[in-house]
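Raw contents of work26.csv, CSV, C-alpha atoms:
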chain,number,residue,atom,x,y,z
A,263,MET,CA,-26.7,-115.6,158.9
A,264,LYS,CA,-25.0,-118.3,156.9
A,265,THR,CA,-26.7,-119.5,153.7
A,266,ARG,CA,-27.4,-123.0,155.1
A,267,GLU,CA,-29.2,-121.4,158.1
A,268,ARG,CA,-31.2,-119.1,155.8
A,269,ILE,CA,-32.3,-122.0,153.7
A,270,LEU,CA,-33.4,-123.9,156.8
A,271,GLN,CA,-35.3,-120.9,158.1
A,272,ALA,CA,-37.0,-120.1,154.7
A,273,GLY,CA,-37.8,-123.8,154.1
A,274,LEU,CA,-39.4,-124.2,157.5
A,275,ALA,CA,-41.5,-121.1,157.1
A,276,LEU,CA,-42.7,-122.2,153.6
A,277,PHE,CA,-43.3,-125.8,154.6
A,278,ASN,CA,-45.3,-124.7,157.6
A,279,GLU,CA,-47.3,-122.1,155.6
A,280,ARG,CA,-48.1,-124.2,152.5
A,281,GLY,CA,-47.4,-127.8,153.4
A,282,GLU,CA,-44.2,-129.6,152.4
A,283,ALA,CA,-45.7,-131.2,149.2
A,284,ALA,CA,-46.5,-127.8,147.8
A,285,VAL,CA,-43.0,-126.3,148.1
A,286,SER,CA,-40.1,-127.1,145.8
A,287,LEU,CA,-36.4,-126.4,146.4
A,288,ALA,CA,-36.5,-124.0,143.5
A,289,GLN,CA,-39.2,-122.0,145.2
A,290,ILE,CA,-37.1,-121.8,148.3
A,291,ALA,CA,-34.1,-120.6,146.3
A,292,ALA,CA,-36.3,-118.0,144.6
A,293,GLN,CA,-37.6,-116.7,147.9
A,294,LEU,CA,-34.0,-116.3,149.2
A,295,GLY,CA,-32.8,-114.7,145.9
A,296,ILE,CA,-30.0,-117.4,145.6
A,297,SER,CA,-29.3,-119.7,142.7
A,298,GLU,CA,-30.7,-123.3,142.7
A,299,GLY,CA,-27.1,-124.4,142.4
A,300,ASN,CA,-26.2,-122.6,145.6
A,301,LEU,CA,-29.1,-124.2,147.4
A,302,TRP,CA,-28.3,-127.7,146.0
A,303,TYR,CA,-24.7,-127.2,147.3
A,304,HIS,CA,-26.3,-127.3,150.8
A,305,PHE,CA,-29.2,-129.7,150.2
A,306,ARG,CA,-29.3,-132.1,147.3
A,307,THR,CA,-32.9,-133.1,147.7
A,308,LYS,CA,-36.0,-131.9,149.6
A,309,ARG,CA,-35.6,-135.0,151.7
A,310,ASP,CA,-32.2,-133.8,152.9
A,311,LEU,CA,-33.7,-130.5,153.9
A,312,VAL,CA,-36.6,-132.2,155.7
A,313,ALA,CA,-34.1,-134.4,157.5
A,314,ALA,CA,-32.1,-131.4,158.7
A,315,LEU,CA,-35.3,-129.7,159.9
A,316,PHE,CA,-36.3,-132.9,161.7
A,317,ALA,CA,-32.9,-132.9,163.5
A,318,GLU,CA,-33.5,-129.3,164.6
A,319,SER,CA,-37.0,-130.2,165.9
A,320,GLU,CA,-35.6,-133.3,167.6
A,321,ALA,CA,-33.0,-131.2,169.4
A,322,ARG,CA,-35.7,-128.8,170.6
A,323,VAL,CA,-37.8,-131.6,172.0
A,324,GLU,CA,-34.8,-133.2,173.6
A,325,ARG,CA,-33.9,-129.9,175.3
A,326,ASN,CA,-37.4,-129.8,176.9
A,327,LEU,CA,-37.2,-133.5,177.8
A,328,SER,CA,-33.7,-133.2,179.4
A,329,ARG,CA,-34.9,-130.9,182.2
A,330,PRO,CA,-35.2,-133.3,185.2
A,331,PRO,CA,-38.8,-133.3,186.6
A,332,SER,CA,-37.2,-133.4,190.1
A,333,GLU,CA,-36.1,-129.8,189.5
A,334,ALA,CA,-39.8,-128.6,189.3
A,335,GLY,CA,-41.2,-127.0,192.4
A,336,ASP,CA,-44.2,-127.8,194.5
A,337,GLN,CA,-46.6,-125.8,192.3
A,338,LEU,CA,-48.8,-127.3,189.6
A,339,ALA,CA,-47.7,-124.4,187.4
A,340,ASP,CA,-44.1,-125.7,187.4
A,341,PHE,CA,-45.4,-128.9,185.8
A,342,ALA,CA,-47.6,-127.0,183.4
A,343,ALA,CA,-44.5,-125.3,182.0
A,344,TYR,CA,-43.4,-128.7,180.5
A,345,ALA,CA,-46.7,-129.0,178.6
A,346,THR,CA,-46.6,-125.4,177.4
A,347,GLN,CA,-43.1,-125.8,176.0
A,348,ALA,CA,-44.1,-129.1,174.3
A,349,PHE,CA,-46.9,-127.3,172.4
A,350,ARG,CA,-44.5,-124.6,171.3
A,351,ASP,CA,-41.9,-127.1,170.1
A,352,ILE,CA,-44.5,-128.9,168.0
A,353,TRP,CA,-46.0,-125.7,166.6
A,354,ASP,CA,-42.7,-124.2,165.4
A,355,TYR,CA,-42.1,-127.3,163.3
A,356,ARG,CA,-45.7,-128.1,162.6
A,357,PHE,CA,-45.2,-129.3,159.0
A,358,LEU,CA,-43.2,-132.2,160.3
A,359,TYR,CA,-46.0,-133.3,162.5
A,360,ARG,CA,-48.6,-133.0,159.8
A,361,ARG,CA,-46.6,-135.2,157.4
A,362,HIS,CA,-46.9,-138.9,158.1
A,363,PHE,CA,-43.7,-140.7,157.8
A,364,HIS,CA,-44.2,-143.9,155.9
A,365,GLN,CA,-42.2,-146.8,157.2
A,366,THR,CA,-41.1,-147.7,153.8
A,367,VAL,CA,-40.4,-144.3,152.3
A,368,ASP,CA,-38.7,-142.6,155.2
A,369,ALA,CA,-37.7,-145.5,157.4
A,370,ALA,CA,-34.9,-143.6,159.2
A,371,LEU,CA,-37.0,-140.6,160.1
A,372,ALA,CA,-40.0,-142.8,161.0
A,373,ALA,CA,-37.7,-144.8,163.4
A,374,ARG,CA,-36.5,-141.6,165.0
A,375,LEU,CA,-40.0,-140.3,165.5
A,376,VAL,CA,-41.0,-143.6,167.2
A,377,ALA,CA,-37.9,-143.3,169.5
A,378,LEU,CA,-38.8,-139.7,170.3
A,379,THR,CA,-42.4,-140.7,171.1
A,380,GLU,CA,-41.3,-143.5,173.4
A,381,ARG,CA,-38.9,-141.1,175.1
A,382,GLY,CA,-41.7,-138.6,175.5
A,383,HIS,CA,-44.0,-141.2,177.1
A,384,ARG,CA,-41.3,-142.3,179.6
A,385,TYR,CA,-40.6,-138.6,180.4
A,386,ASN,CA,-44.3,-137.8,181.1
A,387,GLU,CA,-44.5,-140.8,183.3
A,388,ARG,CA,-41.6,-139.5,185.3
A,389,ILE,CA,-43.3,-136.1,185.6
A,390,LEU,CA,-46.5,-137.8,186.9
A,391,GLU,CA,-44.5,-140.0,189.3
A,392,GLU,CA,-42.8,-136.9,190.6
A,393,MET,CA,-46.2,-135.2,191.1
A,394,VAL,CA,-47.3,-138.3,193.1
A,395,ARG,CA,-44.1,-138.1,195.1
A,396,ARG,CA,-44.8,-134.5,195.9
A,397,ARG,CA,-48.4,-135.3,196.9
A,398,LEU,CA,-49.8,-133.2,194.1
A,399,MET,CA,-51.4,-136.3,192.6
A,400,ARG,CA,-52.7,-139.8,193.5
A,401,ALA,CA,-52.4,-142.4,190.8
A,402,SER,CA,-51.4,-146.0,190.4
A,403,PRO,CA,-48.6,-147.0,187.9
A,404,ALA,CA,-51.4,-148.4,185.6
A,405,GLU,CA,-53.3,-145.1,185.8
A,406,ILE,CA,-50.1,-143.1,185.1
A,407,SER,CA,-49.5,-145.2,182.0
A,408,GLU,CA,-53.1,-144.6,180.7
A,409,LEU,CA,-53.0,-140.9,181.6
A,410,THR,CA,-49.7,-140.5,179.8
A,411,ALA,CA,-51.0,-142.1,176.6
A,412,ASN,CA,-54.1,-139.8,176.7
A,413,ALA,CA,-52.0,-136.7,177.6
A,414,TRP,CA,-49.6,-137.5,174.8
A,415,ILE,CA,-52.4,-137.8,172.2
A,416,ILE,CA,-54.0,-134.5,173.4
A,417,SER,CA,-50.6,-132.6,173.3
A,418,ARG,CA,-49.6,-134.1,170.0
A,419,TYR,CA,-52.8,-133.5,168.2
A,420,TRP,CA,-54.1,-130.4,169.9
A,421,LEU,CA,-53.0,-128.2,166.9
A,422,ASP,CA,-54.6,-130.5,164.3
A,423,TYR,CA,-57.8,-130.5,166.4
A,424,LEU,CA,-57.9,-126.7,166.6
A,425,GLN,CA,-57.3,-126.5,162.9
A,426,GLU,CA,-60.0,-129.0,162.0
A,427,ARG,CA,-62.5,-127.7,164.4
A,428,HIS,CA,-61.9,-123.9,164.2
A,429,GLY,CA,-59.7,-123.5,161.1
A,430,VAL,CA,-57.0,-122.0,163.3
A,431,ASP,CA,-53.9,-121.1,161.3
A,432,THR,CA,-51.8,-119.3,163.9
A,433,LEU,CA,-51.4,-120.5,167.5
A,434,SER,CA,-52.2,-117.8,170.0
A,435,ALA,CA,-51.3,-117.8,173.7
A,436,PRO,CA,-54.9,-118.6,174.6
A,437,ASP,CA,-54.9,-121.6,172.3
A,438,ILE,CA,-51.8,-123.0,174.1
A,439,GLU,CA,-53.4,-122.2,177.5
A,440,ALA,CA,-56.6,-124.0,176.4
A,441,GLY,CA,-54.5,-127.1,175.4
A,442,VAL,CA,-52.8,-127.1,178.8
A,443,LYS,CA,-56.2,-126.7,180.4
A,444,GLN,CA,-57.4,-129.9,178.6
A,445,ILE,CA,-54.4,-131.8,179.9
A,446,PHE,CA,-55.3,-130.6,183.3
A,447,ALA,CA,-58.9,-131.7,182.9
A,448,LEU,CA,-57.4,-135.1,182.3
A,449,TYR,CA,-55.3,-135.0,185.4
A,450,ARG,CA,-57.8,-133.2,187.7
A,451,PRO,CA,-59.6,-136.3,189.1
A,452,TYR,CA,-56.2,-137.5,190.2
A,453,LEU,CA,-55.0,-134.3,191.8
A,454,SER,CA,-54.7,-134.1,195.6
A,455,GLU,CA,-56.5,-131.6,197.8
A,456,ALA,CA,-53.3,-129.6,198.0
A,457,ALA,CA,-53.0,-129.4,194.2
A,458,LEU,CA,-56.6,-128.6,193.8
A,459,ALA,CA,-56.3,-125.7,196.3
A,460,GLN,CA,-53.6,-124.3,193.9
A,461,THR,CA,-56.1,-124.4,191.0
A,462,ALA,CA,-58.6,-122.4,192.9
A,463,ALA,CA,-56.6,-119.4,191.9
A,464,PRO,CA,-58.2,-116.9,189.5
A,465,GLN,CA,-59.3,-118.7,186.3
A,466,ARG,CA,-57.7,-117.7,183.0
A,467,LYS,CA,-59.8,-116.6,180.2
A,468,ARG,CA,-60.9,-119.5,178.0
A,469,ALA,CA,-59.9,-119.6,174.3
A,470,ARG,CA,-62.1,-120.8,171.5
A,471,GLY,CA,-64.7,-123.1,173.1
B,848,MET,CA,-70.9,-153.5,140.3
B,849,LYS,CA,-71.3,-150.3,138.3
B,850,THR,CA,-68.1,-148.6,137.0
B,851,ARG,CA,-68.6,-145.6,139.2
B,852,GLU,CA,-68.7,-147.7,142.3
B,853,ARG,CA,-65.7,-149.7,141.2
B,854,ILE,CA,-63.7,-146.5,140.7
B,855,LEU,CA,-64.7,-145.3,144.2
B,856,GLN,CA,-63.7,-148.6,145.7
B,857,ALA,CA,-60.4,-148.8,143.9
B,858,GLY,CA,-59.6,-145.1,144.6
B,859,LEU,CA,-60.4,-145.5,148.3
B,860,ALA,CA,-58.1,-148.6,148.5
B,861,LEU,CA,-55.2,-147.0,146.7
B,862,PHE,CA,-55.5,-143.7,148.6
B,863,ASN,CA,-55.6,-145.5,151.9
B,864,GLU,CA,-52.7,-147.7,151.0
B,865,ARG,CA,-50.3,-145.2,149.3
B,866,GLY,CA,-51.6,-141.7,150.3
B,867,GLU,CA,-53.8,-139.5,148.1
B,868,ALA,CA,-50.9,-137.5,146.8
B,869,ALA,CA,-49.1,-140.6,145.4
B,870,VAL,CA,-52.0,-141.9,143.4
B,871,SER,CA,-53.2,-140.5,140.0
B,872,LEU,CA,-56.5,-141.0,138.2
B,873,ALA,CA,-54.5,-142.8,135.4
B,874,GLN,CA,-53.2,-145.3,138.0
B,875,ILE,CA,-56.7,-146.0,139.2
B,876,ALA,CA,-57.9,-146.6,135.6
B,877,ALA,CA,-54.9,-148.9,135.0
B,878,GLN,CA,-55.7,-150.9,138.2
B,879,LEU,CA,-59.3,-151.4,137.0
B,880,GLY,CA,-58.3,-152.1,133.4
B,881,ILE,CA,-60.5,-149.3,132.1
B,882,SER,CA,-59.5,-146.4,129.8
B,883,GLU,CA,-58.7,-143.0,131.3
B,884,GLY,CA,-61.5,-141.6,129.2
B,885,ASN,CA,-64.0,-144.0,130.9
B,886,LEU,CA,-62.8,-142.9,134.3
B,887,TRP,CA,-62.9,-139.2,133.4
B,888,TYR,CA,-66.5,-139.7,132.3
B,889,HIS,CA,-67.3,-140.4,136.0
B,890,PHE,CA,-64.7,-138.1,137.7
B,891,ARG,CA,-63.1,-135.2,135.9
B,892,THR,CA,-60.5,-134.6,138.5
B,893,LYS,CA,-59.0,-136.2,141.6
B,894,ARG,CA,-60.7,-133.6,143.6
B,895,ASP,CA,-64.1,-134.8,142.3
B,896,LEU,CA,-63.2,-138.4,143.3
B,897,VAL,CA,-62.0,-137.2,146.8
B,898,ALA,CA,-65.2,-135.2,147.2
B,899,ALA,CA,-67.4,-138.3,146.4
B,900,LEU,CA,-65.4,-140.4,148.9
B,901,PHE,CA,-65.8,-137.6,151.5
B,902,ALA,CA,-69.6,-137.7,150.9
B,903,GLU,CA,-69.5,-141.5,151.5
B,904,SER,CA,-67.5,-141.1,154.7
B,905,GLU,CA,-69.8,-138.4,155.9
B,906,ALA,CA,-72.9,-140.6,155.3
B,907,ARG,CA,-71.3,-143.4,157.4
B,908,VAL,CA,-70.5,-141.1,160.3
B,909,GLU,CA,-74.0,-139.6,160.1
B,910,ARG,CA,-75.5,-143.1,160.3
B,911,ASN,CA,-73.6,-143.7,163.5
B,912,LEU,CA,-74.5,-140.2,164.9
B,913,SER,CA,-78.2,-140.6,164.0
B,914,ARG,CA,-78.7,-143.5,166.5
B,915,PRO,CA,-80.4,-141.8,169.5
B,916,PRO,CA,-78.4,-142.2,172.7
B,917,SER,CA,-81.6,-142.8,174.6
B,918,GLU,CA,-81.9,-146.1,172.8
B,919,ALA,CA,-78.8,-147.4,174.5
B,920,GLY,CA,-79.3,-149.7,177.4
B,921,ASP,CA,-78.2,-149.5,181.0
B,922,GLN,CA,-74.9,-151.2,180.3
B,923,LEU,CA,-71.6,-149.4,179.7
B,924,ALA,CA,-71.0,-151.7,176.8
B,925,ASP,CA,-74.0,-150.1,175.0
B,926,PHE,CA,-72.2,-146.8,175.1
B,927,ALA,CA,-68.9,-148.3,174.1
B,928,ALA,CA,-70.5,-149.5,170.8
B,929,TYR,CA,-70.7,-145.9,169.6
B,930,ALA,CA,-67.0,-145.3,170.1
B,931,THR,CA,-66.1,-148.7,168.4
B,932,GLN,CA,-68.2,-147.8,165.3
B,933,ALA,CA,-66.6,-144.3,165.2
B,934,PHE,CA,-63.1,-145.9,165.0
B,935,ARG,CA,-64.2,-148.2,162.2
B,936,ASP,CA,-65.8,-145.3,160.3
B,937,ILE,CA,-62.6,-143.3,160.5
B,938,TRP,CA,-60.4,-146.3,159.6
B,939,ASP,CA,-62.2,-147.3,156.5
B,940,TYR,CA,-61.7,-143.8,155.0
B,941,ARG,CA,-58.4,-143.1,156.8
B,942,PHE,CA,-56.7,-141.2,153.9
B,943,LEU,CA,-59.4,-138.5,154.3
B,944,TYR,CA,-58.5,-138.0,157.9
B,945,ARG,CA,-54.8,-137.9,157.2
B,946,ARG,CA,-55.1,-135.2,154.6
B,947,HIS,CA,-55.5,-131.8,156.1
B,948,PHE,CA,-58.1,-129.7,154.3
B,949,HIS,CA,-56.7,-126.2,153.7
B,950,GLN,CA,-59.4,-123.6,154.1
B,951,THR,CA,-58.3,-121.9,151.0
B,952,VAL,CA,-57.8,-124.9,148.7
B,953,ASP,CA,-60.8,-127.0,149.7
B,954,ALA,CA,-63.1,-124.5,151.4
B,955,ALA,CA,-66.2,-126.6,150.8
B,956,LEU,CA,-64.8,-129.8,152.2
B,957,ALA,CA,-63.1,-128.0,155.1
B,958,ALA,CA,-66.5,-126.4,156.1
B,959,ARG,CA,-68.2,-129.8,156.0
B,960,LEU,CA,-65.5,-131.3,158.1
B,961,VAL,CA,-65.9,-128.5,160.7
B,962,ALA,CA,-69.7,-129.1,160.6
B,963,LEU,CA,-69.2,-132.8,161.1
B,964,THR,CA,-66.8,-132.2,164.0
B,965,GLU,CA,-69.3,-129.8,165.7
B,966,ARG,CA,-72.1,-132.3,165.3
B,967,GLY,CA,-69.9,-135.1,166.7
B,968,HIS,CA,-69.2,-133.0,169.8
B,969,ARG,CA,-72.8,-132.2,170.4
B,970,TYR,CA,-73.6,-135.9,169.9
B,971,ASN,CA,-71.0,-137.1,172.4
B,972,GLU,CA,-72.2,-134.6,175.0
B,973,ARG,CA,-75.7,-136.1,174.6
B,974,ILE,CA,-74.3,-139.5,175.1
B,975,LEU,CA,-72.6,-138.4,178.3
B,976,GLU,CA,-75.7,-136.6,179.5
B,977,GLU,CA,-77.6,-139.8,178.9
B,978,MET,CA,-75.1,-141.7,181.0
B,979,VAL,CA,-75.5,-139.1,183.8
B,980,ARG,CA,-79.3,-139.5,183.5
B,981,ARG,CA,-79.0,-143.3,183.8
B,982,ARG,CA,-76.7,-142.9,186.8
B,983,LEU,CA,-73.7,-144.5,185.0
B,984,MET,CA,-71.8,-141.2,185.4
B,985,ARG,CA,-71.5,-138.1,187.6
B,986,ALA,CA,-70.3,-135.0,185.8
B,987,SER,CA,-71.2,-131.3,185.6
B,988,PRO,CA,-72.0,-129.7,182.2
B,989,ALA,CA,-68.5,-128.1,182.2
B,990,GLU,CA,-66.9,-131.5,182.8
B,991,ILE,CA,-69.0,-133.1,180.1
B,992,SER,CA,-67.7,-130.4,177.7
B,993,GLU,CA,-64.1,-131.0,178.6
B,994,LEU,CA,-64.4,-134.7,178.6
B,995,THR,CA,-66.0,-134.5,175.1
B,996,ALA,CA,-63.2,-132.5,173.6
B,997,ASN,CA,-60.6,-134.9,175.1
B,998,ALA,CA,-62.6,-138.0,174.0
B,999,TRP,CA,-62.9,-136.5,170.5
B,1000,ILE,CA,-59.2,-135.9,170.2
B,1001,ILE,CA,-58.4,-139.4,171.4
B,1002,SER,CA,-61.0,-141.1,169.0
B,1003,ARG,CA,-60.0,-138.9,166.1
B,1004,TYR,CA,-56.2,-139.3,166.4
B,1005,TRP,CA,-56.0,-142.8,167.9
B,1006,LEU,CA,-55.0,-144.3,164.5
B,1007,ASP,CA,-52.4,-141.6,163.8
B,1008,TYR,CA,-51.0,-142.3,167.3
B,1009,LEU,CA,-50.8,-146.0,166.8
B,1010,GLN,CA,-49.1,-145.5,163.4
B,1011,GLU,CA,-46.6,-143.0,164.8
B,1012,ARG,CA,-45.9,-145.0,168.0
B,1013,HIS,CA,-46.0,-148.5,166.7
B,1014,GLY,CA,-45.9,-148.2,162.9
B,1015,VAL,CA,-49.3,-149.9,162.7
B,1016,ASP,CA,-50.6,-150.2,159.1
B,1017,THR,CA,-53.7,-152.3,159.7
B,1018,LEU,CA,-56.2,-151.8,162.5
B,1019,SER,CA,-56.8,-155.0,164.4
B,1020,ALA,CA,-59.7,-155.7,166.7
B,1021,PRO,CA,-57.4,-155.3,169.8
B,1022,ASP,CA,-56.2,-151.9,168.5
B,1023,ILE,CA,-59.9,-150.7,168.4
B,1024,GLU,CA,-60.5,-152.2,171.9
B,1025,ALA,CA,-57.4,-150.5,173.2
B,1026,GLY,CA,-58.7,-147.2,171.8
B,1027,VAL,CA,-62.1,-147.7,173.5
B,1028,LYS,CA,-60.2,-148.6,176.7
B,1029,GLN,CA,-58.3,-145.2,176.6
B,1030,ILE,CA,-61.7,-143.4,176.2
B,1031,PHE,CA,-62.9,-145.3,179.2
B,1032,ALA,CA,-59.8,-144.4,181.2
B,1033,LEU,CA,-60.9,-140.8,180.5
B,1034,TYR,CA,-64.4,-141.4,181.8
B,1035,ARG,CA,-63.5,-143.8,184.6
B,1036,PRO,CA,-63.1,-141.2,187.4
B,1037,TYR,CA,-66.6,-139.9,186.6
B,1038,LEU,CA,-68.3,-143.3,186.5
B,1039,SER,CA,-70.8,-144.2,189.2
B,1040,GLU,CA,-70.4,-147.2,191.5
B,1041,ALA,CA,-73.0,-149.0,189.4
B,1042,ALA,CA,-71.1,-148.4,186.2
B,1043,LEU,CA,-67.7,-149.4,187.9
B,1044,ALA,CA,-69.3,-152.7,189.0
B,1045,GLN,CA,-70.0,-153.5,185.3
B,1046,THR,CA,-66.3,-152.9,184.4
B,1047,ALA,CA,-65.2,-155.4,187.1
B,1048,ALA,CA,-66.2,-158.1,184.5
B,1049,PRO,CA,-63.2,-160.1,183.1
B,1050,GLN,CA,-60.6,-157.8,181.5
B,1051,ARG,CA,-60.0,-158.1,177.8
B,1052,LYS,CA,-56.6,-158.7,176.5
B,1053,ARG,CA,-54.6,-155.6,176.0
B,1054,ALA,CA,-53.2,-154.6,172.6
B,1055,ARG,CA,-49.9,-153.0,172.0
B,1056,GLY,CA,-48.9,-151.1,175.2

The structure given in the file should be rewritten as structure tokens.
Amino acid sequence: MKTRERILQAGLALFNERGEAAVSLAQIAAQLGISEGNLWYHFRTKRDLVAALFAESEARVERNLSRPPSEAGDQLADFAAYATQAFRDIWDYRFLYRRHFHQTVDAALAARLVALTERGHRYNERILEEMVRRRLMRASPAEISELTANAWIISRYWLDYLQERHGVDTLSAPDIEAGVKQIFALYRPYLSEAALAQTAAPQRKRARG
Amino acid sequence: MKTRERILQAGLALFNERGEAAVSLAQIAAQLGISEGNLWYHFRTKRDLVAALFAESEARVERNLSRPPSEAGDQLADFAAYATQAFRDIWDYRFLYRRHFHQTVDAALAARLVALTERGHRYNERILEEMVRRRLMRASPAEISELTANAWIISRYWLDYLQERHGVDTLSAPDIEAGVKQIFALYRPYLSEAALAQTAAPQRKRARG
């Protein structure tokens, strides 16, 4: 692996584990057994490193958002896959989503986060419209907009919630399933009979209650 | 006002405005025009000051949670008042809710936040049970539990969401109303005919969409 990639990987792991504020470039260099000069050759400041990790995260999210909802099948599970991937994408770069970009300090990253958020909303609306089109759901455009804002908040902050409520430090498969389940609790009153029949399949074990 | 209270007030304002990490005790002393020695007499470390502000915030939340739901009337608006107050309580001490308490670093505060979160969940469940009792809502115990987790996440993270999506720095009355509206979107499919009739009253102006 190239030095630049090793720095990105070690920085991500340390930021996720200890929080961005608690980790210096010198510590990352020490962890990798390289000189600070070598690290600085790739990233002059911590902000440069954070910006590079943000770009990686953005690419991951874009990859999930670029799958056309129309390619999903007629099963609810096909749509649940989008939500599951969204949780994973956020979790892998969780330090970024725990930091709050201040408009004044990190104007460029804050603007990109706003753009990504808008894009995510439009995308989720398209998913729900597709579910309506496939008769898996009944909802008006206004309801789709409200559902999307609520689903976004639950997806985006599910990890923070688990951490605050249960002190979770690692995300287990049941934690992700529980998050997807909460999104479906949101959608359930709007699901059609056909969709509800699919959910009557054997229940998965519930994670931390 | 006593010096201790002035320090708490100035500390809260600066932490909220700039973020806790960016503000030193020396800066707070300078802002108040008192010596650092005088400030240290009241708070030896920033952690002491944060703990005192946490206790203030906890007392505010407890005050809201100590109003028995059974005292609410038969109007949906009576129940909306709890959510509105919860938003205000969080907003006034927002720096606390933006910081993430690490189990290892701030074990005592983290434990109190977990306890407050549990208490908030139980309280919201009692509110929804009371709404069911007053025939404003139809929901099973399992649905009440799911609704509560979703309502908690939306209340708790509404401010973060507005900031990330719209770069909001001050919380306006329409922003609070929009948050309450999202909670009601969550509850709407479960509201009884009687409750829905009350919502048919003139719509309030919508905040940022």

How close does chain B get to chain A? List, as a tab-separated table, each residue of chain B within 9 Å, its nearest atom pair and the distance in Å to one decimal, counting all atoms listed in the file.
residue	atom	partner	partner_atom	distance
B:Ala868	CA	A:Ala283	CA	8.5
B:Arg945	CA	A:His362	CA	8.0
B:Arg946	CA	A:Arg360	CA	8.6
B:His947	CA	A:Arg360	CA	7.9
B:Phe948	CA	A:Glu426	CA	8.0
B:His949	CA	A:Gly429	CA	8.4
B:Gln950	CA	A:Gly429	CA	7.0
B:Ala957	CA	A:Glu426	CA	7.6
B:Ala958	CA	A:Gly429	CA	8.9
B:Leu960	CA	A:Glu426	CA	7.1
B:Val961	CA	A:Arg427	CA	5.1
B:Ala962	CA	A:Arg427	CA	8.3
B:Thr964	CA	A:Arg427	CA	6.2
B:Glu965	CA	A:Arg427	CA	7.2
B:Glu990	CA	A:Ala447	CA	8.0
B:Glu993	CA	A:Ala447	CA	6.8
B:Leu994	CA	A:Ala447	CA	7.6
B:Ala996	CA	A:Gln444	CA	8.1
B:Asn997	CA	A:Ile416	CA	6.8
B:Trp999	CA	A:Tyr423	CA	8.9
B:Ile1000	CA	A:Ile416	CA	6.3
B:Ile1001	CA	A:Ile415	CA	6.3
B:Arg1003	CA	A:Tyr423	CA	8.7
B:Tyr1004	CA	A:Tyr419	CA	7.0
B:Trp1005	CA	A:Ile415	CA	7.5
B:Asp1007	CA	A:His362	CA	8.4
B:Tyr1008	CA	A:Ile415	CA	6.8
B:Gln1010	CA	A:His362	CA	8.7
B:Glu1011	CA	A:Val376	CA	6.1
B:Arg1012	CA	A:Val376	CA	5.2
B:His1013	CA	A:Val376	CA	7.0
B:Gly1014	CA	A:Gln365	CA	6.9
B:Gln1029	CA	A:Glu408	CA	6.6
B:Ile1030	CA	A:Asn412	CA	8.4
B:Ala1032	CA	A:Glu408	CA	6.7
B:Leu1033	CA	A:Leu448	CA	6.9
B:Pro1036	CA	A:Pro451	CA	6.3
B:Tyr1037	CA	A:Pro451	CA	8.3

### Message
I'd like the interatomic distance between CA of Gly273 (chain A) and CA of Arg350 (chain A), to a tenth of an Å.
### Response
18.5 Å

### Task
Compare B:Glu976, B:Pro916, B:Gly880, B:Ser1019 by their minimum atom-to-atom distance to Arg853 (chain B), counting all atoms listed in the file, and give me the closest one.
B:Gly880

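If you count only C-alpha atoms and ignore residues fewer than 5 places along the chain from Leu900 (chain B), what sits within 12 Å of it is B:Arg851, B:Glu852, B:Ile854, B:Leu855, B:Gln856, B:Ala857, B:Gly858, B:Leu859, B:Ala860, B:Phe862, B:Asn863, B:Glu867, B:Phe890, B:Lys893, B:Arg894, B:Asp895, B:Glu905, B:Ala906, B:Arg907, B:Asp939, B:Tyr940, B:Arg941, B:Phe942, B:Leu943, B:Tyr944, B:Leu956.
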
Resulting file, chosen residues, C-alpha atoms, as a PDB file, in the coordinates of the input:
ATOM      1  CA  ARG B 851     -68.600-145.600 139.200  1.00  0.00           C
ATOM      2  CA  GLU B 852     -68.700-147.700 142.300  1.00  0.00           C
ATOM      3  CA  ILE B 854     -63.700-146.500 140.700  1.00  0.00           C
ATOM      4  CA  LEU B 855     -64.700-145.300 144.200  1.00  0.00           C
ATOM      5  CA  GLN B 856     -63.700-148.600 145.700  1.00  0.00           C
ATOM      6  CA  ALA B 857     -60.400-148.800 143.900  1.00  0.00           C
ATOM      7  CA  GLY B 858     -59.600-145.100 144.600  1.00  0.00           C
ATOM      8  CA  LEU B 859     -60.400-145.500 148.300  1.00  0.00           C
ATOM      9  CA  ALA B 860     -58.100-148.600 148.500  1.00  0.00           C
ATOM     10  CA  PHE B 862     -55.500-143.700 148.600  1.00  0.00           C
ATOM     11  CA  ASN B 863     -55.600-145.500 151.900  1.00  0.00           C
ATOM     12  CA  GLU B 867     -53.800-139.500 148.100  1.00  0.00           C
ATOM     13  CA  PHE B 890     -64.700-138.100 137.700  1.00  0.00           C
ATOM     14  CA  LYS B 893     -59.000-136.200 141.600  1.00  0.00           C
ATOM     15  CA  ARG B 894     -60.700-133.600 143.600  1.00  0.00           C
ATOM     16  CA  ASP B 895     -64.100-134.800 142.300  1.00  0.00           C
ATOM     17  CA  GLU B 905     -69.800-138.400 155.900  1.00  0.00           C
ATOM     18  CA  ALA B 906     -72.900-140.600 155.300  1.00  0.00           C
ATOM     19  CA  ARG B 907     -71.300-143.400 157.400  1.00  0.00           C
ATOM     20  CA  ASP B 939     -62.200-147.300 156.500  1.00  0.00           C
ATOM     21  CA  TYR B 940     -61.700-143.800 155.000  1.00  0.00           C
ATOM     22  CA  ARG B 941     -58.400-143.100 156.800  1.00  0.00           C
ATOM     23  CA  PHE B 942     -56.700-141.200 153.900  1.00  0.00           C
ATOM     24  CA  LEU B 943     -59.400-138.500 154.300  1.00  0.00           C
ATOM     25  CA  TYR B 944     -58.500-138.000 157.900  1.00  0.00           C
ATOM     26  CA  LEU B 956     -64.800-129.800 152.200  1.00  0.00           C
TER      27      LEU B 956
END
